[in-house]
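A.B. asks: Contents of work-v9.txt (compact mmCIF, C-alpha atoms and all ligand atoms) are below:
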# COMPACT_ATOMS: atom_id res chain seq x y z
CA MET H 61 2.37 -7.15 -23.13
CA LYS H 62 3.11 -3.50 -22.41
CA SER H 63 0.44 -1.10 -23.65
CA LYS H 64 1.73 1.51 -26.10
CA GLU H 65 1.25 4.49 -23.78
CA ASN H 66 3.45 2.79 -21.15
CA VAL H 67 6.43 2.54 -23.51
CA CYS H 68 9.05 5.28 -23.33
CA PRO H 69 9.08 7.17 -26.65
CA ILE H 70 12.84 7.84 -26.36
CA CYS H 71 14.18 4.30 -25.90
CA LYS H 72 11.05 2.48 -27.14
CA GLY H 73 11.01 0.52 -23.92
CA THR H 74 14.55 -0.92 -24.16
CA GLY H 75 15.88 1.26 -21.33
CA TRP H 76 18.97 2.21 -23.42
CA VAL H 77 19.75 4.94 -25.93
CA GLU H 78 22.60 5.16 -28.40
CA VAL H 79 25.33 7.73 -27.82
CA LYS H 80 28.60 8.37 -29.72
CA ARG H 81 30.61 5.78 -27.81
CA GLY H 82 27.99 3.12 -27.41
CA VAL H 83 24.86 3.14 -25.29
CA LYS H 84 23.69 4.78 -22.08
CA LYS H 85 20.74 4.30 -19.79
CA CYS H 86 17.67 6.18 -20.95
CA SER H 87 16.34 9.00 -18.76
CA CYS H 88 13.17 6.97 -18.15
CA GLN H 89 15.29 4.61 -16.03
CA PHE H 90 15.86 7.43 -13.54
CA LYS H 91 12.22 8.35 -13.28
CA SER H 92 11.18 10.10 -10.11
CA ILE H 93 7.79 10.96 -8.71
CA SER H 94 6.53 14.51 -9.13
CA SER H 95 4.54 16.25 -6.43
CA SER H 96 1.42 16.11 -8.60
CA ILE H 97 1.69 12.30 -8.78
CA TYR H 98 2.08 12.15 -5.00
CA ARG H 99 -1.07 14.26 -4.74
CA ARG H 100 -2.94 11.98 -7.14
CA MET H 101 -1.83 8.96 -5.14
CA ASN H 102 -2.73 10.79 -1.90
CA ILE H 103 0.53 9.77 -0.24
CA PRO H 104 1.03 11.80 2.95
CA LYS H 105 4.11 14.06 3.08
CA ARG H 106 5.69 12.06 5.94
CA TYR H 107 5.81 8.97 3.75
CA GLN H 108 6.73 10.46 0.37
CA ASP H 109 10.40 9.50 0.68
CA LYS H 110 9.75 5.96 1.90
CA ASN H 111 10.99 3.20 -0.37
CA PHE H 112 12.42 -0.31 -0.27
CA ASN H 113 16.00 1.01 -0.17
CA ASN H 114 15.55 3.07 2.99
CA PHE H 115 13.74 0.30 4.86
CA ILE H 116 16.31 -0.94 7.41
CA VAL H 117 16.39 -4.70 7.02
CA ASN H 118 16.71 -6.80 10.16
CA LYS H 119 17.24 -10.43 9.20
CA LYS H 120 16.10 -11.54 12.65
CA TYR H 121 12.62 -10.32 11.70
CA LYS H 122 12.86 -11.68 8.13
CA HIS H 123 12.47 -8.21 6.61
CA HIS H 124 14.53 -9.30 3.58
CA LEU H 125 11.88 -11.94 2.77
CA ILE H 126 9.06 -9.38 2.98
CA ILE H 127 10.84 -7.00 0.63
CA SER H 128 11.70 -9.68 -1.90
CA ARG H 129 8.09 -10.91 -1.80
CA LEU H 130 6.81 -7.39 -2.50
CA LYS H 131 9.30 -6.95 -5.34
CA ASP H 132 8.34 -10.31 -6.86
CA TYR H 133 4.68 -9.29 -6.72
CA ILE H 134 5.51 -6.40 -9.04
CA ILE H 135 7.77 -8.41 -11.34
CA LEU H 136 5.19 -11.19 -11.65
CA GLU H 137 2.39 -8.63 -12.11
CA GLU H 138 0.22 -10.46 -9.58
CA TYR H 139 -1.85 -7.29 -9.11
CA LYS H 140 -3.40 -8.07 -12.49
CA LYS H 141 -5.16 -11.04 -10.91
CA GLY H 142 -6.57 -8.91 -8.09
CA LYS H 143 -4.05 -10.20 -5.56
CA GLY H 144 -2.82 -7.96 -2.75
CA PHE H 145 -1.41 -8.04 0.76
CA PHE H 146 -2.53 -7.79 4.34
CA LEU H 147 0.39 -6.34 6.30
CA VAL H 148 -0.21 -6.95 9.96
CA GLY H 149 1.83 -6.05 13.00
CA LYS H 150 2.35 -3.83 16.00
CA PRO H 151 2.61 -0.01 15.74
CA GLY H 152 5.79 1.46 14.30
CA VAL H 153 7.16 -1.69 12.67
CA GLY H 154 6.99 -0.24 9.14
CA LYS H 155 3.71 -1.46 7.63
CA THR H 156 2.74 1.91 6.16
CA HIS H 157 6.34 2.45 5.00
CA LEU H 158 6.21 -0.85 3.08
CA ALA H 159 2.74 -0.17 1.63
CA VAL H 160 3.88 3.23 0.33
CA ALA H 161 7.12 1.73 -1.00
CA LEU H 162 5.03 -0.77 -2.96
CA LEU H 163 2.81 1.99 -4.41
CA ARG H 164 5.91 4.00 -5.42
CA GLU H 165 7.52 1.01 -7.07
CA LEU H 166 4.34 0.16 -8.95
CA PHE H 167 4.39 3.66 -10.39
CA LEU H 168 8.11 3.68 -11.19
CA LYS H 169 8.24 0.19 -12.69
CA LYS H 170 4.75 -0.22 -14.14
CA ASN H 171 3.36 3.30 -14.52
CA ILE H 172 0.46 2.43 -12.24
CA VAL H 173 -0.99 5.36 -10.32
CA GLY H 174 -2.58 3.84 -7.23
CA LEU H 175 -4.33 5.48 -4.31
CA PHE H 176 -3.47 5.66 -0.62
CA TYR H 177 -6.00 6.27 2.13
CA ASP H 178 -5.78 6.13 5.86
CA THR H 179 -9.04 4.27 6.43
CA ARG H 180 -10.32 6.51 9.19
CA SER H 181 -9.59 9.67 7.16
CA LEU H 182 -11.38 8.18 4.16
CA LEU H 183 -14.49 7.48 6.24
CA PHE H 184 -14.29 10.95 7.76
CA LYS H 185 -13.96 12.57 4.32
CA LEU H 186 -16.94 10.64 2.99
CA LYS H 187 -19.02 11.54 6.01
CA ALA H 188 -18.02 15.20 5.83
CA SER H 189 -19.02 15.53 2.20
CA PHE H 190 -22.80 15.41 2.28
CA GLU H 191 -23.86 11.76 2.22
CA GLY H 192 -25.02 10.75 -1.25
CA SER H 193 -23.76 14.02 -2.76
CA GLU H 194 -21.89 14.20 -6.05
CA SER H 195 -18.53 14.69 -4.32
CA SER H 196 -18.95 11.78 -1.90
CA ARG H 197 -19.95 9.56 -4.82
CA GLU H 198 -16.90 10.74 -6.79
CA ILE H 199 -14.54 9.89 -3.90
CA LEU H 200 -16.17 6.50 -3.48
CA GLU H 201 -15.96 5.70 -7.20
CA GLU H 202 -12.30 6.71 -7.28
CA VAL H 203 -11.56 4.41 -4.32
CA VAL H 204 -13.48 1.53 -5.90
CA ASN H 205 -11.90 1.96 -9.34
CA THR H 206 -8.28 2.90 -8.68
CA PRO H 207 -5.90 0.24 -10.08
CA VAL H 208 -4.27 -0.36 -6.68
CA LEU H 209 -5.76 0.75 -3.36
CA VAL H 210 -3.89 1.02 -0.07
CA LEU H 211 -6.24 0.98 2.91
CA ASP H 212 -4.01 1.98 5.78
CA ASP H 213 -4.82 1.03 9.36
CA LEU H 214 -7.98 -0.93 8.70
CA GLY H 215 -9.83 -2.04 11.81
CA SER H 216 -8.16 0.42 14.14
CA GLU H 217 -11.48 1.16 15.82
CA ARG H 218 -14.90 -0.30 16.30
CA LEU H 219 -17.01 0.68 13.31
CA SER H 220 -20.45 2.23 13.13
CA ASP H 221 -23.00 0.50 10.87
CA TRP H 222 -22.53 3.30 8.35
CA ALA H 223 -18.73 2.87 8.26
CA ARG H 224 -19.10 -0.90 7.95
CA ASP H 225 -21.48 -0.49 5.01
CA ILE H 226 -19.10 1.85 3.22
CA LEU H 227 -16.12 -0.46 3.73
CA HIS H 228 -18.23 -3.42 2.59
CA TYR H 229 -19.15 -1.55 -0.57
CA ILE H 230 -15.51 -0.72 -1.34
CA ILE H 231 -14.06 -4.14 -0.53
CA ILE H 232 -16.76 -6.24 -2.17
CA ASN H 233 -16.73 -4.20 -5.37
CA ARG H 234 -12.96 -4.35 -5.64
CA TYR H 235 -12.98 -8.07 -4.88
CA ASN H 236 -15.60 -8.69 -7.58
CA ASP H 237 -13.70 -6.61 -10.15
CA LEU H 238 -10.32 -8.31 -9.41
CA LYS H 239 -8.86 -5.00 -8.21
CA PRO H 240 -5.98 -5.39 -5.74
CA MET H 241 -6.00 -4.10 -2.17
CA ILE H 242 -2.98 -3.52 0.02
CA ILE H 243 -4.13 -3.40 3.60
CA THR H 244 -2.26 -2.54 6.77
CA SER H 245 -3.63 -3.36 10.19
CA ASN H 246 -2.74 -3.82 13.83
CA ILE H 247 -5.18 -6.67 14.22
CA GLU H 248 -5.29 -10.14 12.70
CA LEU H 249 -7.61 -10.84 9.80
CA LYS H 250 -9.19 -13.83 11.49
CA SER H 251 -9.22 -14.98 15.10
CA LYS H 252 -6.65 -17.69 15.65
CA ASN H 253 -8.76 -19.34 18.29
CA GLU H 254 -12.30 -19.96 17.06
CA ASP H 255 -13.69 -20.37 20.57
CA GLU H 256 -12.35 -17.10 21.89
CA LEU H 257 -13.77 -13.74 20.90
CA GLU H 258 -10.31 -12.43 20.14
CA ASP H 259 -10.12 -9.00 18.52
CA SER H 260 -9.88 -9.54 14.79
CA LEU H 261 -11.03 -7.93 11.59
CA GLU H 262 -13.45 -10.80 11.19
CA GLU H 263 -15.06 -9.90 14.48
CA ARG H 264 -15.12 -6.16 13.68
CA MET H 265 -16.23 -6.31 10.05
CA GLY H 266 -17.93 -9.66 9.69
CA SER H 267 -16.94 -12.97 8.13
CA ALA H 268 -18.09 -12.00 4.60
CA ILE H 269 -15.33 -9.38 4.42
CA ALA H 270 -12.70 -11.40 6.27
CA SER H 271 -13.30 -14.39 4.01
CA ARG H 272 -12.93 -12.35 0.81
CA LEU H 273 -9.84 -10.52 2.08
CA SER H 274 -8.18 -13.75 3.13
CA GLU H 275 -8.73 -15.09 -0.38
CA VAL H 276 -7.20 -12.14 -2.24
CA CYS H 277 -4.74 -10.68 0.27
CA GLU H 278 -1.64 -12.63 1.22
CA ILE H 279 -1.00 -12.17 4.91
CA LEU H 280 2.43 -10.69 5.61
CA PRO H 281 3.17 -10.42 9.32
CA VAL H 282 5.57 -7.51 9.89
CA LYS H 283 7.67 -7.91 13.00
CA GLY H 284 10.29 -5.70 14.57
CA GLN H 285 10.76 -2.92 17.04
CA ASP H 286 8.72 0.28 17.12
CA MET H 287 10.91 2.50 14.94
CA ARG H 288 9.18 5.76 15.85
CA GLY H 289 11.81 7.84 17.60
CA SER H 290 14.44 5.12 17.18
CA LYS H 291 18.10 6.17 17.15
CA LEU H 292 18.74 3.94 14.13
CA LEU H 293 16.13 5.83 12.13
CA GLU H 294 17.48 9.22 13.23
CA LEU H 295 20.92 8.15 12.06
CA GLN H 296 19.58 7.02 8.70
CA GLU H 297 17.59 10.23 8.24
CA SER H 298 20.60 12.41 9.07
CA LYS H 299 22.65 10.51 6.47
CA GLY H 300 19.94 11.00 3.88
CA SER H 301 19.63 14.77 4.39
N1 LIG Q 1 12.62 -1.16 9.18
C1 LIG Q 1 12.47 0.15 9.03
N2 LIG Q 1 13.41 0.85 8.34
C2 LIG Q 1 13.32 2.18 8.19
N3 LIG Q 1 12.31 2.92 8.69
C3 LIG Q 1 11.35 2.27 9.37
C4 LIG Q 1 11.37 0.87 9.56
N4 LIG Q 1 10.28 0.51 10.28
C5 LIG Q 1 9.61 1.65 10.50
N5 LIG Q 1 10.26 2.70 9.96
C6 LIG Q 1 9.89 4.11 10.04
O1 LIG Q 1 9.26 4.30 11.30
C7 LIG Q 1 8.14 5.13 11.19
C8 LIG Q 1 6.90 4.36 11.57
O2 LIG Q 1 6.68 3.34 10.61
P1 LIG Q 1 5.24 3.06 10.00
O3 LIG Q 1 4.43 4.30 10.05
O4 LIG Q 1 5.41 2.42 8.67
O5 LIG Q 1 4.70 2.02 11.07
P2 LIG Q 1 3.37 1.19 11.07
O6 LIG Q 1 3.75 -0.25 11.21
O7 LIG Q 1 2.53 1.56 9.92
O8 LIG Q 1 2.70 1.67 12.45
P3 LIG Q 1 1.14 1.88 12.84
O9 LIG Q 1 0.57 0.52 13.08
O10 LIG Q 1 1.20 2.68 14.10
O11 LIG Q 1 0.47 2.59 11.72
C9 LIG Q 1 8.11 5.61 9.74
O12 LIG Q 1 8.82 6.83 9.65
C10 LIG Q 1 8.87 4.52 8.99
O13 LIG Q 1 9.48 5.01 7.82
MG MG Q 2 0.76 2.63 9.74
Please express what this file holds, its structure, as structure tokens.
Ligand SMILES: Nc1ncnc2c1ncn2[C@@H]1O[C@H](COP(=O)(O)OP(=O)(O)OP(=O)(O)O)[C@@H](O)[C@H]1O
Ligand SMILES: [Mg+2]
C.D. replies:
Amino acid sequence: MKSKENVCPICKGTGWVEVKRGVKKCSCQFKSISSSIYRRMNIPKRYQDKNFNNFIVNKKYKHHLIISRLKDYIILEEYKKGKGFFLVGKPGVGKTHLAVALLRELFLKKNIVGLFYDTRSLLFKLKASFEGSESSREILEEVVNTPVLVLDDLGSERLSDWARDILHYIIINRYNDLKPMIITSNIELKSKNEDELEDSLEERMGSAIASRLSEVCEILPVKGQDMRGSKLLELQESKGS
């Protein structure tokens, strides 16, 4: 059931308002995101215009299936059960684009104000604010408690014990509280070959984390070409501007 504060006071949640000659779509159906909401969600400027509509779908890479899965996740409100995604793939294939598009859509469709963090920047910010200080605790609590957390580029580097502990704290608390995590990464969650010490999140962060993430995050491999600097993207951007 929708909570009262989520219901538009103009159309009472129907999406339509009466006009002289019938009905028209309510203004809430054309909701956009203000700069203050982007700030609250911590979405970087480069990604603020990224959405499902401007993601160029290549059927060869099954992009259409990824997008419909992400849309279904919102429609079915799976985030309420603490479910999320682990978007994995090579650089430039659109993982961050898709994670931001999901955050946007959650706000537009469900009024959920989530939080985006590039993992390395989050660790840096926590380290820079004096360890154990009020401000570092505030950042940490916000990350643990936000309704939907995007951890971008997890596992991009070998972690110090301190960084591992912090990430453990965040992930385990969110897992225990059924709070969803949307994770993007260049490396697999678990090694495919148990005998080989292949680079994986399991190897970098330990099996306790990998096991929990594999339970609550559906793995979505994102394939495609590196779109950074691609002509196709330039063409799309010039059309949009
Ligand atoms: N299929 C696509 N359609 C439209 N734009 C795309 C697509 N794939 C990537 N892009 C664009 O290419 C750029 C790089 O994509 P993005 O940052 O999402 O890649 P990534 O997979 O997160 O890479 P990395 O692993 O290096 O972080 C962004 O501007 C993004 O919007
Ligand atoms: Mg990325």
A.B. asks: Please, what distance in Å, to one decimal, runs between CA of Pro281 in chain H and CA of Asp178 in chain H?
C.D. replies: 19.1 Å
A.B. asks: Neighbouring residues of range 98-100 of chain H were defined as those with any atom within 8 Å, considering only C-alpha atoms; residues of the same chain fewer than 6 positions away were excluded. Please report them as a PyMOL selection string.
C.D. replies: chain H and resi 108+173+175
A.B. asks: Could you list the protein, DNA and RNA residues that have any atom within 6 Å of ligand MG 2 (chain Q), counting only C-alpha atoms and all ligand atoms, and write them as a list in words?
C.D. replies: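 Using only C-alpha atoms and all ligand atoms, I find these residues within 6 Å of ligand MG 2 (chain Q): Lys155, Thr156 and Asp213 of chain H.
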A.B. asks: Report the distance between CA of Ser193 in chain H and CA of Arg224 in chain H in Å, rounded to one decimal place.
C.D. replies: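 So the answer is 18.9 Å.
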A.B. asks: May I ask you to write as a PyMOL selection string all residues lying at most 10 Å from ligand LIG 1 (chain Q), with all atoms listed in the file counted?
C.D. replies: chain H and resi 106-118+121+123+147-161+178+212-214+216+244-247+282-290+292-294+296-297
A.B. asks: Name all residues at most 10 Å from Val276 in chain H (count only C-alpha atoms; drop same-chain ones fewer than 3 positions away) and give them as a list in words.
C.D. replies: Tyr139, Lys141, Gly142, Lys143, Gly144, Phe145, Phe146, Tyr235, Leu238, Lys239, Pro240, Met241, Ile242, Ser271, Arg272, Leu273 and Ile279 of chain H
A.B. asks: Would you pick out the contacts of Leu200 in chain H at 10 Å or less, using all atoms listed in the file, so that residues sharing its chain but fewer than 2 positions from it are not included, and give the list as number ranges by chain?
C.D. replies: H: 182-183, 186, 194-198, 202-205, 226, 229-230
A.B. asks: Figure out the distance between CA of Lys170 in chain H and CA of Thr206 in chain H, please, to one decimal in Å.
C.D. replies: 14.5 Å
A.B. asks: Which residue, H:Cys86, H:Leu211, H:Leu219, H:Leu295, has the smallest gap to Ile231 in chain H when you use all atoms listed in the file?
C.D. replies: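 Under the stated criterion, the closest residue is H:Leu211.
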A.B. asks: So which one's closest to Glu278 in chain H, H:Val210, H:Gly192, H:Lys91, H:Leu249? Using only C-alpha atoms, please.
C.D. replies: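 Comparing H:Val210, H:Gly192, H:Lys91, H:Leu249 against Glu278 in chain H, the winner is H:Leu249.
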A.B. asks: Looking at H:Arg234, H:Arg81, H:Arg218, H:Lys122, which one is nearest to Glu201 in chain H, with distances taken over all atoms listed in the file?
C.D. replies: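 Of the candidates, the smallest distance to Glu201 in chain H is held by H:Arg234.
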A.B. asks: My list of candidates is H:Lys85, H:Ser92, H:Trp222, H:His228. Which is closest to Phe167 in chain H when distances are computed with all atoms listed in the file?
C.D. replies: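 Of all the options, H:Ser92 lies closest to Phe167 in chain H.
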A.B. asks: Can you tell me which residues surround Val77 in chain H at a distance of at most 12 Å, considering all atoms listed in the file, apart from same-chain residues fewer than 5 positions away, and format the answer as a ChimeraX atom specification?
C.D. replies: /H:68-72,82-89
A.B. asks: Next, dump the selected residues to file, keeping only C-alpha atoms, as an mmCIF file, keeping the file's coordinate frame.
C.D. replies:
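Below is the file again-v9.cif, written as the result:
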data_model
loop_
_atom_site.group_PDB
_atom_site.id
_atom_site.type_symbol
_atom_site.label_atom_id
_atom_site.label_comp_id
_atom_site.auth_asym_id
_atom_site.auth_seq_id
_atom_site.Cartn_x
_atom_site.Cartn_y
_atom_site.Cartn_z
ATOM 1 C CA CYS H 68 9.050 5.280 -23.330
ATOM 2 C CA PRO H 69 9.080 7.170 -26.650
ATOM 3 C CA ILE H 70 12.840 7.840 -26.360
ATOM 4 C CA CYS H 71 14.180 4.300 -25.900
ATOM 5 C CA LYS H 72 11.050 2.480 -27.140
ATOM 6 C CA GLY H 82 27.990 3.120 -27.410
ATOM 7 C CA VAL H 83 24.860 3.140 -25.290
ATOM 8 C CA LYS H 84 23.690 4.780 -22.080
ATOM 9 C CA LYS H 85 20.740 4.300 -19.790
ATOM 10 C CA CYS H 86 17.670 6.180 -20.950
ATOM 11 C CA SER H 87 16.340 9.000 -18.760
ATOM 12 C CA CYS H 88 13.170 6.970 -18.150
ATOM 13 C CA GLN H 89 15.290 4.610 -16.030
#
A.B. asks: Could you tell me which of H:Leu227, H:Val79, H:Leu136, H:Leu125 comes closest to Leu261 in chain H if we count all atoms listed in the file?
C.D. replies: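 Between H:Leu227, H:Val79, H:Leu136, H:Leu125, the residue approaching Leu261 in chain H most closely is H:Leu227.
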A.B. asks: Looking at all atoms listed in the file, which of H:Cys277, H:Ser220, H:Met101, H:Arg264 is the one that sits closest to Arg164 in chain H?
C.D. replies: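 Of all the options, H:Met101 lies closest to Arg164 in chain H.
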A.B. asks: Just the residues within 9 Å of Ala270 in chain H, please, counting all atoms listed in the file, with nothing from its chain fewer than 4 positions along; format it as a list in words.
C.D. replies: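 Contacts, in chain order: Leu249, Lys250, Leu261, Glu262, Glu263, Met265, Gly266, Ser274 and Glu275 of chain H.
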